[in-house]
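Report on one structure; see the data block that follows.
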Amino acid sequence: MSNNTPTTLVWREIPGLGPDNFTEPDRCRSKYWWRCSGVSSRRRPTFACISLAEKKREEKEFSPTTAQLLKHPLAMVALVPKDGALFAAGAMAGAFAKTVIAPLDRVKLLMQTHGLRAGQDRVKKGIGFIEALTLIGKEEGIKGYWKGNLPQVIRVIPYSAVQLFAYEAYKKLFRGKDGELSIIGRLAAGACAGMTSTFVTYPLDVLRLRLAVEPGYKTITEVAVNMLREEGFASFYNGLGPSLIGIAPYIAVNFCVFDLVKKALPEKYQKRTETSIATALVSATVATVMCYPLDTVRRQMQMKGSPYMTVLDAFPGIMARDGLVGLYRGFVPNALKTLPNSSIRLTTFDTVKRLIAAAEKEYQKIIEHNCKK
């Protein structure tokens, strides 16, 4: 079409509609001259403004009634802010998962740090899974298996929320010009999300470790006060470096594999809960095998009186003391802990996203029904 082709505009008056009735009247007045069919005019076709105003008005006027929401309870979910719904779901799933697998986590921590526990210089180098499990029950009873779980539950609520929200935000940031997210982009998004959530909640992780493995402490407050008095504020971030290095590849691989495997499956299987569980198990297994040695290094650096100041000191030190097996101390209980924990978290998050999408669709159907009626 040539630029000189005449244009014809058809104007139709809408009763009660004018610039004075808009909440932003300046957007409906033009300072520019338009030439239509050779006639100059100061009027500008503000179709975008009219359409936007009508859409908002429609959603407000034809929103579901209480009776309709009771008849279609799924639509109620759409009334909850999306971020709030995802935050609550991630927090509840994380807290439940951590409580269920707390005994295995306690056994893993004891196995990882047994040789460095305060006041036990002559303790033997390693301790097995069954021995650690028996030792906790013998010395502390049933409650001992959940010792330190409260700060872990408190920690996992913001940790899960920050991590999942950050992952979604970073995925948008790393999308290419075509709107697609590459494998490198997914890995980068996962790594950044893992480091962000770790940095925010790291002090609680240190407090949980001290409460779980060092004798003499009964409350998290007691541990925090003692650390501030004897070691200073910096002690709350001991081992942060290897923690960031360890969590970045773990979350990157875990989330990336989960997304890619789900995406590669036929569409009819993608929305099944069992598919999410199986995919989460595979992604967590791959990530755990790759990144567990860094977790062991981090734990030993967090211990009071640890001889290791840097990651470069810790790796050869652990290898000299316990060999390669020392880097994988507690791997079995960690795997038994991590796999169900990861499955619950990712499956819950995936399920809630589908639930929110279905709720928004149901809510919109009610609006359209009211509009037509």
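Each chain of the structure tokens is named A, B, ... in the order shown, its residues numbered from 1; ligands are numbered from 1 in display order.
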
Next item on the list: Write out as an NGL selection string each polymer residue whose atoms come within 12 Å of range 279-283 of chain A, counting only C-alpha atoms; drop sequence neighbours fewer than 6 positions from it.
Entry: :A and (250-265 or 269-273 or 289-290 or 335-350)

Residue neighbourhood Phe87 in chain A, 12 Å, only C-alpha atoms, exclusion window fewer than 5 positions, as a PDB file with N, CA, C and O atoms, in the first residue's frame:
```
ATOM      1  N   VAL A  80      -7.009 -14.961  44.719  1.00  0.00           N
ATOM      2  CA  VAL A  80      -5.748 -14.852  45.467  1.00  0.00           C
ATOM      3  C   VAL A  80      -4.650 -14.405  44.507  1.00  0.00           C
ATOM      4  O   VAL A  80      -4.529 -14.947  43.409  1.00  0.00           O
ATOM      5  N   PRO A  81      -3.851 -13.420  44.874  1.00  0.00           N
ATOM      6  CA  PRO A  81      -2.745 -13.001  44.009  1.00  0.00           C
ATOM      7  C   PRO A  81      -1.862 -14.196  43.655  1.00  0.00           C
ATOM      8  O   PRO A  81      -1.574 -15.035  44.508  1.00  0.00           O
ATOM      9  N   LYS A  82      -1.456 -14.263  42.400  1.00  0.00           N
ATOM     10  CA  LYS A  82      -0.706 -15.422  41.926  1.00  0.00           C
ATOM     11  C   LYS A  82       0.570 -15.644  42.726  1.00  0.00           C
ATOM     12  O   LYS A  82       0.886 -16.772  43.107  1.00  0.00           O
ATOM     13  N   MET A  92       4.439 -24.281  52.369  1.00  0.00           N
ATOM     14  CA  MET A  92       3.807 -25.433  53.015  1.00  0.00           C
ATOM     15  C   MET A  92       4.449 -26.746  52.570  1.00  0.00           C
ATOM     16  O   MET A  92       4.711 -27.633  53.392  1.00  0.00           O
ATOM     17  N   ALA A  93       4.704 -26.862  51.274  1.00  0.00           N
ATOM     18  CA  ALA A  93       5.318 -28.088  50.761  1.00  0.00           C
ATOM     19  C   ALA A  93       6.724 -28.272  51.327  1.00  0.00           C
ATOM     20  O   ALA A  93       7.118 -29.372  51.716  1.00  0.00           O
ATOM     21  N   GLY A  94       7.489 -27.181  51.366  1.00  0.00           N
ATOM     22  CA  GLY A  94       8.843 -27.262  51.899  1.00  0.00           C
ATOM     23  C   GLY A  94       8.861 -27.623  53.367  1.00  0.00           C
ATOM     24  O   GLY A  94       9.659 -28.455  53.803  1.00  0.00           O
ATOM     25  N   VAL A 156      13.180 -22.876  55.605  1.00  0.00           N
ATOM     26  CA  VAL A 156      12.742 -23.377  54.302  1.00  0.00           C
ATOM     27  C   VAL A 156      11.574 -22.571  53.744  1.00  0.00           C
ATOM     28  O   VAL A 156      11.362 -22.549  52.524  1.00  0.00           O
ATOM     29  N   ILE A 157      10.805 -21.905  54.616  1.00  0.00           N
ATOM     30  CA  ILE A 157       9.670 -21.119  54.128  1.00  0.00           C
ATOM     31  C   ILE A 157      10.144 -19.977  53.223  1.00  0.00           C
ATOM     32  O   ILE A 157       9.741 -19.894  52.065  1.00  0.00           O
ATOM     33  N   PRO A 158      11.026 -19.083  53.714  1.00  0.00           N
ATOM     34  CA  PRO A 158      11.520 -18.046  52.794  1.00  0.00           C
ATOM     35  C   PRO A 158      12.435 -18.614  51.717  1.00  0.00           C
ATOM     36  O   PRO A 158      12.472 -18.104  50.600  1.00  0.00           O
ATOM     37  N   TYR A 159      13.153 -19.695  52.039  1.00  0.00           N
ATOM     38  CA  TYR A 159      14.088 -20.289  51.067  1.00  0.00           C
ATOM     39  C   TYR A 159      13.340 -20.790  49.835  1.00  0.00           C
ATOM     40  O   TYR A 159      13.716 -20.489  48.700  1.00  0.00           O
ATOM     41  N   SER A 160      12.287 -21.563  50.051  1.00  0.00           N
ATOM     42  CA  SER A 160      11.508 -22.099  48.927  1.00  0.00           C
ATOM     43  C   SER A 160      10.855 -20.984  48.131  1.00  0.00           C
ATOM     44  O   SER A 160      10.861 -20.997  46.889  1.00  0.00           O
ATOM     45  N   ALA A 161      10.279 -20.015  48.851  1.00  0.00           N
ATOM     46  CA  ALA A 161       9.597 -18.923  48.167  1.00  0.00           C
ATOM     47  C   ALA A 161      10.557 -18.106  47.322  1.00  0.00           C
ATOM     48  O   ALA A 161      10.306 -17.857  46.139  1.00  0.00           O
ATOM     49  N   VAL A 162      11.687 -17.706  47.922  1.00  0.00           N
ATOM     50  CA  VAL A 162      12.670 -16.897  47.192  1.00  0.00           C
ATOM     51  C   VAL A 162      13.228 -17.671  46.008  1.00  0.00           C
ATOM     52  O   VAL A 162      13.363 -17.126  44.902  1.00  0.00           O
ATOM     53  N   GLN A 163      13.518 -18.937  46.215  1.00  0.00           N
ATOM     54  CA  GLN A 163      14.133 -19.730  45.148  1.00  0.00           C
ATOM     55  C   GLN A 163      13.204 -19.909  43.951  1.00  0.00           C
ATOM     56  O   GLN A 163      13.606 -19.708  42.801  1.00  0.00           O
ATOM     57  N   LEU A 164      11.951 -20.274  44.208  1.00  0.00           N
ATOM     58  CA  LEU A 164      11.014 -20.518  43.114  1.00  0.00           C
ATOM     59  C   LEU A 164      10.640 -19.228  42.386  1.00  0.00           C
ATOM     60  O   LEU A 164      10.567 -19.190  41.160  1.00  0.00           O
ATOM     61  N   PHE A 165      10.402 -18.141  43.161  1.00  0.00           N
ATOM     62  CA  PHE A 165      10.089 -16.861  42.534  1.00  0.00           C
ATOM     63  C   PHE A 165      11.284 -16.332  41.744  1.00  0.00           C
ATOM     64  O   PHE A 165      11.133 -15.794  40.650  1.00  0.00           O
ATOM     65  N   ALA A 166      12.472 -16.474  42.336  1.00  0.00           N
ATOM     66  CA  ALA A 166      13.675 -15.987  41.665  1.00  0.00           C
ATOM     67  C   ALA A 166      13.902 -16.750  40.366  1.00  0.00           C
ATOM     68  O   ALA A 166      14.312 -16.168  39.353  1.00  0.00           O
ATOM     69  N   ARG A 345       8.607 -30.723  46.488  1.00  0.00           N
ATOM     70  CA  ARG A 345       8.652 -29.285  46.196  1.00  0.00           C
ATOM     71  C   ARG A 345       8.310 -28.985  44.747  1.00  0.00           C
ATOM     72  O   ARG A 345       7.443 -28.164  44.452  1.00  0.00           O
ATOM     73  N   THR A 348       4.704 -30.062  43.776  1.00  0.00           N
ATOM     74  CA  THR A 348       3.709 -29.140  44.344  1.00  0.00           C
ATOM     75  C   THR A 348       3.678 -27.830  43.565  1.00  0.00           C
ATOM     76  O   THR A 348       2.609 -27.318  43.229  1.00  0.00           O
ATOM     77  N   PHE A 349       4.861 -27.295  43.282  1.00  0.00           N
ATOM     78  CA  PHE A 349       4.936 -26.039  42.541  1.00  0.00           C
ATOM     79  C   PHE A 349       4.324 -26.181  41.152  1.00  0.00           C
ATOM     80  O   PHE A 349       3.567 -25.313  40.703  1.00  0.00           O
ATOM     81  N   VAL A 352       0.482 -26.532  41.505  1.00  0.00           N
ATOM     82  CA  VAL A 352      -0.165 -25.270  41.866  1.00  0.00           C
ATOM     83  C   VAL A 352      -0.230 -24.326  40.667  1.00  0.00           C
ATOM     84  O   VAL A 352      -1.225 -23.622  40.463  1.00  0.00           O
ATOM     85  N   LYS A 353       0.823 -24.312  39.851  1.00  0.00           N
ATOM     86  CA  LYS A 353       0.794 -23.470  38.648  1.00  0.00           C
ATOM     87  C   LYS A 353      -0.343 -23.892  37.708  1.00  0.00           C
ATOM     88  O   LYS A 353      -1.028 -23.044  37.140  1.00  0.00           O
TER      89      LYS A 353
END
```

Item checked: Pick from A:Gly179, A:Lys172, A:Lys147, A:Ala234 nearest to Tyr217 in chain A, counting only C-alpha atoms ->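 Looking only at the distances to Tyr217 in chain A, the closest residue turns out to be A:Lys147.
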
What residues in range 131-179 of chain A get the DSSP label helix (DSSP H, G or I)? Please answer as a CSV table (one decimal) with all heavy atoms, in the first residue's frame.
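So result.csv came out as:
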```csv
chain,number,residue,atom,x,y,z
A,131,GLU,N,25.1,-46.9,62.5
A,131,GLU,CA,25.7,-46.5,63.8
A,131,GLU,C,25.3,-45.1,64.2
A,131,GLU,O,25.0,-44.8,65.4
A,131,GLU,CB,27.3,-46.5,63.6
A,131,GLU,CG,28.0,-46.3,65.0
A,131,GLU,CD,29.5,-46.4,64.8
A,131,GLU,OE1,30.0,-46.7,63.7
A,131,GLU,OE2,30.2,-46.2,65.8
A,132,ALA,N,25.2,-44.1,63.2
A,132,ALA,CA,24.8,-42.8,63.5
A,132,ALA,C,23.3,-42.8,63.9
A,132,ALA,O,22.9,-42.1,64.9
A,132,ALA,CB,25.0,-41.9,62.3
A,133,LEU,N,22.5,-43.6,63.2
A,133,LEU,CA,21.1,-43.7,63.5
A,133,LEU,C,20.9,-44.2,65.0
A,133,LEU,O,20.0,-43.7,65.7
A,133,LEU,CB,20.4,-44.6,62.5
A,133,LEU,CG,18.9,-44.6,62.5
A,133,LEU,CD1,18.3,-43.3,62.1
A,133,LEU,CD2,18.4,-45.7,61.6
A,134,THR,N,21.6,-45.2,65.3
A,134,THR,CA,21.5,-45.8,66.7
A,134,THR,C,22.0,-44.8,67.7
A,134,THR,O,21.5,-44.7,68.8
A,134,THR,CB,22.3,-47.1,66.7
A,134,THR,OG1,21.9,-48.0,65.7
A,134,THR,CG2,22.1,-47.8,68.1
A,135,LEU,N,23.1,-44.1,67.4
A,135,LEU,CA,23.8,-43.2,68.4
A,135,LEU,C,22.8,-42.1,68.8
A,135,LEU,O,22.7,-41.7,70.0
A,135,LEU,CB,25.0,-42.6,67.8
A,135,LEU,CG,25.9,-41.7,68.7
A,135,LEU,CD1,26.4,-42.4,69.9
A,135,LEU,CD2,27.0,-41.1,67.9
A,136,ILE,N,22.1,-41.5,67.8
A,136,ILE,CA,21.2,-40.4,68.1
A,136,ILE,C,20.1,-40.9,69.0
A,136,ILE,O,19.7,-40.3,70.0
A,136,ILE,CB,20.6,-39.8,66.8
A,136,ILE,CG1,21.7,-39.2,66.0
A,136,ILE,CG2,19.5,-38.8,67.1
A,136,ILE,CD1,21.2,-38.7,64.6
A,137,GLY,N,19.5,-42.1,68.7
A,137,GLY,CA,18.4,-42.6,69.5
A,137,GLY,C,18.8,-43.0,70.9
A,137,GLY,O,18.1,-42.8,71.9
A,138,LYS,N,20.1,-43.5,71.0
A,138,LYS,CA,20.6,-43.9,72.3
A,138,LYS,C,20.9,-42.7,73.2
A,138,LYS,O,20.6,-42.7,74.4
A,138,LYS,CB,21.9,-44.7,72.1
A,138,LYS,CG,22.5,-45.3,73.4
A,138,LYS,CD,23.7,-46.1,73.1
A,138,LYS,CE,24.3,-46.6,74.4
A,138,LYS,NZ,25.6,-47.4,74.1
A,139,GLU,N,21.5,-41.6,72.6
A,139,GLU,CA,21.9,-40.5,73.4
A,139,GLU,C,20.8,-39.5,73.7
A,139,GLU,O,20.8,-38.8,74.7
A,139,GLU,CB,23.1,-39.8,72.7
A,139,GLU,CG,24.4,-40.6,72.7
A,139,GLU,CD,25.5,-39.8,72.1
A,139,GLU,OE1,25.3,-38.7,71.6
A,139,GLU,OE2,26.7,-40.3,72.2
A,140,GLU,N,19.8,-39.3,72.7
A,140,GLU,CA,18.9,-38.3,72.8
A,140,GLU,C,17.4,-38.7,72.7
A,140,GLU,O,16.5,-37.9,72.9
A,140,GLU,CB,19.2,-37.2,71.7
A,140,GLU,CG,20.6,-36.7,71.7
A,140,GLU,CD,20.9,-35.8,70.6
A,140,GLU,OE1,20.1,-34.8,70.4
A,140,GLU,OE2,21.8,-36.0,69.8
A,142,ILE,N,13.9,-40.3,70.9
A,142,ILE,CA,13.1,-40.1,69.7
A,142,ILE,C,13.2,-38.6,69.3
A,142,ILE,O,13.3,-38.3,68.1
A,142,ILE,CB,11.6,-40.5,69.8
A,142,ILE,CG1,11.6,-42.0,70.1
A,142,ILE,CG2,10.9,-40.2,68.6
A,142,ILE,CD1,12.1,-42.9,68.9
A,143,LYS,N,13.1,-37.7,70.2
A,143,LYS,CA,13.1,-36.3,69.9
A,143,LYS,C,14.4,-35.9,69.3
A,143,LYS,O,14.4,-34.9,68.6
A,143,LYS,CB,12.8,-35.5,71.2
A,143,LYS,CG,11.4,-35.6,71.8
A,143,LYS,CD,11.3,-34.7,73.0
A,143,LYS,CE,9.8,-34.8,73.5
A,143,LYS,NZ,9.7,-34.0,74.7
A,144,GLY,N,15.5,-36.6,69.5
A,144,GLY,CA,16.8,-36.2,69.0
A,144,GLY,C,16.8,-36.3,67.5
A,144,GLY,O,17.6,-35.5,66.8
A,145,TYR,N,15.9,-37.1,66.8
A,145,TYR,CA,15.9,-37.2,65.4
A,145,TYR,C,15.3,-35.9,64.8
A,145,TYR,O,15.6,-35.6,63.6
A,145,TYR,CB,15.1,-38.4,64.9
A,145,TYR,CG,15.7,-39.7,65.3
A,145,TYR,CD1,15.2,-40.5,66.3
A,145,TYR,CD2,16.8,-40.1,64.6
A,145,TYR,CE1,15.7,-41.7,66.6
A,145,TYR,CE2,17.4,-41.4,65.0
A,145,TYR,CZ,16.9,-42.1,66.0
A,145,TYR,OH,17.4,-43.3,66.3
A,146,TRP,N,14.6,-35.1,65.5
A,146,TRP,CA,14.0,-33.9,65.0
A,146,TRP,C,14.7,-32.6,65.7
A,146,TRP,O,14.2,-31.5,65.5
A,146,TRP,CB,12.5,-33.8,65.3
A,146,TRP,CG,11.8,-34.6,64.3
A,146,TRP,CD1,11.3,-34.1,63.1
A,146,TRP,CD2,11.4,-36.0,64.3
A,146,TRP,NE1,10.6,-35.1,62.4
A,146,TRP,CE2,10.7,-36.3,63.1
A,146,TRP,CE3,11.6,-37.0,65.2
A,146,TRP,CZ2,10.2,-37.6,62.8
A,146,TRP,CZ3,11.2,-38.3,64.9
A,146,TRP,CH2,10.5,-38.5,63.8
A,149,ASN,N,15.1,-29.2,63.8
A,149,ASN,CA,14.2,-29.1,62.7
A,149,ASN,C,13.4,-27.8,62.7
A,149,ASN,O,13.1,-27.3,61.6
A,149,ASN,CB,13.2,-30.3,62.8
A,149,ASN,CG,12.3,-30.4,61.6
A,149,ASN,OD1,12.7,-30.4,60.4
A,149,ASN,ND2,11.0,-30.3,61.8
A,150,LEU,N,13.1,-27.2,63.8
A,150,LEU,CA,12.3,-25.9,63.8
A,150,LEU,C,13.0,-24.8,63.0
A,150,LEU,O,12.4,-24.2,62.2
A,150,LEU,CB,12.0,-25.5,65.2
A,150,LEU,CG,11.2,-24.2,65.4
A,150,LEU,CD1,9.9,-24.3,64.7
A,150,LEU,CD2,11.0,-23.8,66.9
A,151,PRO,N,14.3,-24.6,63.3
A,151,PRO,CA,15.0,-23.5,62.5
A,151,PRO,C,15.1,-23.9,61.0
A,151,PRO,O,15.1,-23.0,60.2
A,151,PRO,CB,16.4,-23.4,63.1
A,151,PRO,CG,16.6,-24.6,63.9
A,151,PRO,CD,15.2,-25.0,64.4
A,152,GLN,N,15.1,-25.2,60.8
A,152,GLN,CA,15.1,-25.6,59.4
A,152,GLN,C,13.8,-25.4,58.7
A,152,GLN,O,13.7,-24.9,57.5
A,152,GLN,CB,15.5,-27.1,59.3
A,152,GLN,CG,15.5,-27.7,57.9
A,152,GLN,CD,16.6,-27.2,57.0
A,152,GLN,OE1,17.2,-26.2,57.3
A,152,GLN,NE2,16.9,-27.9,56.0
A,153,VAL,N,12.7,-25.6,59.4
A,153,VAL,CA,11.4,-25.3,58.8
A,153,VAL,C,11.2,-23.8,58.7
A,153,VAL,O,10.7,-23.4,57.6
A,153,VAL,CB,10.3,-25.9,59.8
A,153,VAL,CG1,8.9,-25.4,59.4
A,153,VAL,CG2,10.3,-27.4,59.8
A,154,ILE,N,11.7,-23.0,59.7
A,154,ILE,CA,11.6,-21.6,59.6
A,154,ILE,C,12.4,-21.1,58.4
A,154,ILE,O,12.0,-20.2,57.6
A,154,ILE,CB,12.1,-20.9,60.9
A,154,ILE,CG1,11.2,-21.3,62.0
A,154,ILE,CG2,12.2,-19.4,60.7
A,154,ILE,CD1,11.7,-20.8,63.4
A,155,ARG,N,13.5,-21.7,58.2
A,155,ARG,CA,14.4,-21.4,57.1
A,155,ARG,C,13.8,-21.7,55.7
A,155,ARG,O,14.0,-21.0,54.7
A,155,ARG,CB,15.8,-22.0,57.2
A,155,ARG,CG,16.7,-22.0,56.0
A,155,ARG,CD,18.0,-22.8,56.2
A,155,ARG,NE,18.7,-23.0,55.0
A,155,ARG,CZ,18.5,-24.0,54.1
A,155,ARG,NH1,17.5,-24.8,54.3
A,155,ARG,NH2,19.2,-24.1,53.0
A,156,VAL,N,13.2,-22.9,55.6
A,156,VAL,CA,12.7,-23.4,54.3
A,156,VAL,C,11.6,-22.6,53.7
A,156,VAL,O,11.4,-22.5,52.5
A,156,VAL,CB,12.4,-24.9,54.4
A,156,VAL,CG1,10.9,-25.1,54.9
A,156,VAL,CG2,12.5,-25.6,53.0
A,157,ILE,N,10.8,-21.9,54.6
A,157,ILE,CA,9.7,-21.1,54.1
A,157,ILE,C,10.1,-20.0,53.2
A,157,ILE,O,9.7,-19.9,52.1
A,157,ILE,CB,8.8,-20.6,55.3
A,157,ILE,CG1,8.1,-21.8,56.0
A,157,ILE,CG2,7.8,-19.6,54.8
A,157,ILE,CD1,7.3,-21.4,57.2
A,158,PRO,N,11.0,-19.1,53.7
A,158,PRO,CA,11.5,-18.0,52.8
A,158,PRO,C,12.4,-18.6,51.7
A,158,PRO,O,12.5,-18.1,50.6
A,158,PRO,CB,12.3,-17.1,53.7
A,158,PRO,CG,12.7,-17.9,54.9
A,158,PRO,CD,11.5,-18.9,55.1
A,159,TYR,N,13.2,-19.7,52.0
A,159,TYR,CA,14.1,-20.3,51.1
A,159,TYR,C,13.3,-20.8,49.8
A,159,TYR,O,13.7,-20.5,48.7
A,159,TYR,CB,14.8,-21.4,51.7
A,159,TYR,CG,15.9,-22.1,50.8
A,159,TYR,CD1,17.1,-21.5,50.6
A,159,TYR,CD2,15.6,-23.3,50.2
A,159,TYR,CE1,18.1,-22.1,49.8
A,159,TYR,CE2,16.5,-23.9,49.4
A,159,TYR,CZ,17.7,-23.3,49.2
A,159,TYR,OH,18.6,-24.0,48.4
A,160,SER,N,12.3,-21.6,50.1
A,160,SER,CA,11.5,-22.1,48.9
A,160,SER,C,10.9,-21.0,48.1
A,160,SER,O,10.9,-21.0,46.9
A,160,SER,CB,10.4,-23.1,49.4
A,160,SER,OG,11.0,-24.2,50.0
A,161,ALA,N,10.3,-20.0,48.9
A,161,ALA,CA,9.6,-18.9,48.2
A,161,ALA,C,10.6,-18.1,47.3
A,161,ALA,O,10.3,-17.9,46.1
A,161,ALA,CB,8.9,-18.0,49.2
A,162,VAL,N,11.7,-17.7,47.9
A,162,VAL,CA,12.7,-16.9,47.2
A,162,VAL,C,13.2,-17.7,46.0
A,162,VAL,O,13.4,-17.1,44.9
A,162,VAL,CB,13.8,-16.5,48.1
A,162,VAL,CG1,14.9,-15.8,47.3
A,162,VAL,CG2,13.3,-15.5,49.2
A,163,GLN,N,13.5,-18.9,46.2
A,163,GLN,CA,14.1,-19.7,45.1
A,163,GLN,C,13.2,-19.9,44.0
A,163,GLN,O,13.6,-19.7,42.8
A,163,GLN,CB,14.5,-21.1,45.7
A,163,GLN,CG,15.4,-21.9,44.7
A,163,GLN,CD,15.9,-23.2,45.4
A,163,GLN,OE1,15.2,-24.2,45.2
A,163,GLN,NE2,17.0,-23.1,46.1
A,164,LEU,N,12.0,-20.3,44.2
A,164,LEU,CA,11.0,-20.5,43.1
A,164,LEU,C,10.6,-19.2,42.4
A,164,LEU,O,10.6,-19.2,41.2
A,164,LEU,CB,9.8,-21.2,43.6
A,164,LEU,CG,10.0,-22.6,44.2
A,164,LEU,CD1,8.7,-23.2,44.8
A,164,LEU,CD2,10.4,-23.6,43.0
A,165,PHE,N,10.4,-18.1,43.2
A,165,PHE,CA,10.1,-16.9,42.5
A,165,PHE,C,11.3,-16.3,41.7
A,165,PHE,O,11.1,-15.8,40.6
A,165,PHE,CB,9.7,-15.8,43.6
A,165,PHE,CG,8.3,-16.1,44.1
A,165,PHE,CD1,8.0,-15.8,45.5
A,165,PHE,CD2,7.3,-16.7,43.4
A,165,PHE,CE1,6.7,-16.0,46.0
A,165,PHE,CE2,6.0,-16.9,43.9
A,165,PHE,CZ,5.8,-16.6,45.2
A,166,ALA,N,12.5,-16.5,42.3
A,166,ALA,CA,13.7,-16.0,41.7
A,166,ALA,C,13.9,-16.7,40.4
A,166,ALA,O,14.3,-16.2,39.4
A,166,ALA,CB,14.9,-16.1,42.6
A,167,TYR,N,13.6,-18.0,40.4
A,167,TYR,CA,13.8,-18.9,39.2
A,167,TYR,C,12.9,-18.4,38.0
A,167,TYR,O,13.4,-18.2,36.9
A,167,TYR,CB,13.6,-20.3,39.5
A,167,TYR,CG,13.8,-21.2,38.3
A,167,TYR,CD1,15.0,-21.3,37.7
A,167,TYR,CD2,12.8,-22.1,37.8
A,167,TYR,CE1,15.2,-22.1,36.6
A,167,TYR,CE2,13.0,-22.9,36.7
A,167,TYR,CZ,14.2,-23.0,36.1
A,167,TYR,OH,14.4,-23.8,35.1
A,168,GLU,N,11.7,-18.1,38.4
A,168,GLU,CA,10.7,-17.6,37.4
A,168,GLU,C,11.2,-16.2,36.8
A,168,GLU,O,11.1,-15.9,35.7
A,168,GLU,CB,9.3,-17.5,37.9
A,168,GLU,CG,8.7,-18.9,38.3
A,168,GLU,CD,8.5,-19.8,37.1
A,168,GLU,OE1,8.1,-19.3,36.0
A,168,GLU,OE2,8.8,-21.0,37.2
A,169,ALA,N,11.7,-15.4,37.8
A,169,ALA,CA,12.1,-14.0,37.4
A,169,ALA,C,13.4,-14.1,36.5
A,169,ALA,O,13.5,-13.4,35.5
A,169,ALA,CB,12.4,-13.2,38.6
A,170,TYR,N,14.3,-14.9,36.9
A,170,TYR,CA,15.5,-15.1,36.1
A,170,TYR,C,15.3,-15.7,34.7
A,170,TYR,O,16.0,-15.4,33.8
A,170,TYR,CB,16.6,-15.9,36.9
A,170,TYR,CG,17.2,-15.1,38.0
A,170,TYR,CD1,17.2,-15.6,39.3
A,170,TYR,CD2,17.9,-13.9,37.8
A,170,TYR,CE1,17.8,-14.9,40.4
A,170,TYR,CE2,18.5,-13.2,38.8
A,170,TYR,CZ,18.5,-13.7,40.1
A,170,TYR,OH,19.0,-13.0,41.1
A,171,LYS,N,14.3,-16.6,34.7
A,171,LYS,CA,14.0,-17.2,33.4
A,171,LYS,C,13.5,-16.1,32.4
A,171,LYS,O,13.9,-16.1,31.2
A,171,LYS,CB,12.9,-18.3,33.5
A,171,LYS,CG,13.5,-19.6,34.0
A,171,LYS,CD,12.5,-20.7,33.7
A,171,LYS,CE,11.2,-20.6,34.4
A,171,LYS,NZ,10.3,-21.8,34.1
A,172,LYS,N,12.7,-15.2,32.9
A,172,LYS,CA,12.3,-14.0,32.0
A,172,LYS,C,13.5,-13.2,31.6
A,172,LYS,O,13.6,-12.7,30.5
A,172,LYS,CB,11.3,-13.2,32.8
A,172,LYS,CG,10.0,-13.9,33.0
A,172,LYS,CD,9.0,-13.0,33.8
A,172,LYS,CE,7.7,-13.8,34.1
A,172,LYS,NZ,6.8,-13.0,34.9
A,173,LEU,N,14.4,-13.0,32.6
A,173,LEU,CA,15.6,-12.1,32.3
A,173,LEU,C,16.5,-12.7,31.3
A,173,LEU,O,17.1,-12.0,30.4
A,173,LEU,CB,16.4,-11.9,33.6
A,173,LEU,CG,17.6,-11.0,33.6
A,173,LEU,CD1,17.2,-9.6,33.2
A,173,LEU,CD2,18.3,-11.0,34.9
```

Near range 298-310 of chain A, 8 Å: range 188-250 of chain A residue rows, closest pairs, only C-alpha atoms, as a tab-separated table:
```
residue	atom	partner	partner_atom	distance
A:Val206	CA	A:Gln302	CA	6.8
A:Arg210	CA	A:Met303	CA	7.3
A:Asn238	CA	A:Gln302	CA	5.4
A:Gly239	CA	A:Arg298	CA	5.3
A:Leu240	CA	A:Arg298	CA	7.6
A:Pro242	CA	A:Arg298	CA	5.5
A:Ser243	CA	A:Arg298	CA	5.9
```

Keeping C-alpha atoms for every residue in the selection just given, could you write it to a file as a CSV table (one decimal), in the first residue's frame?
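Everything below was put into again09.csv:
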```csv
chain,number,residue,atom,x,y,z
A,206,VAL,CA,24.4,-22.2,60.2
A,210,ARG,CA,25.3,-25.8,65.3
A,238,ASN,CA,31.2,-19.2,57.5
A,239,GLY,CA,31.3,-21.5,54.5
A,240,LEU,CA,29.2,-19.2,52.3
A,242,PRO,CA,31.4,-23.2,49.0
A,243,SER,CA,27.7,-23.0,49.7
```
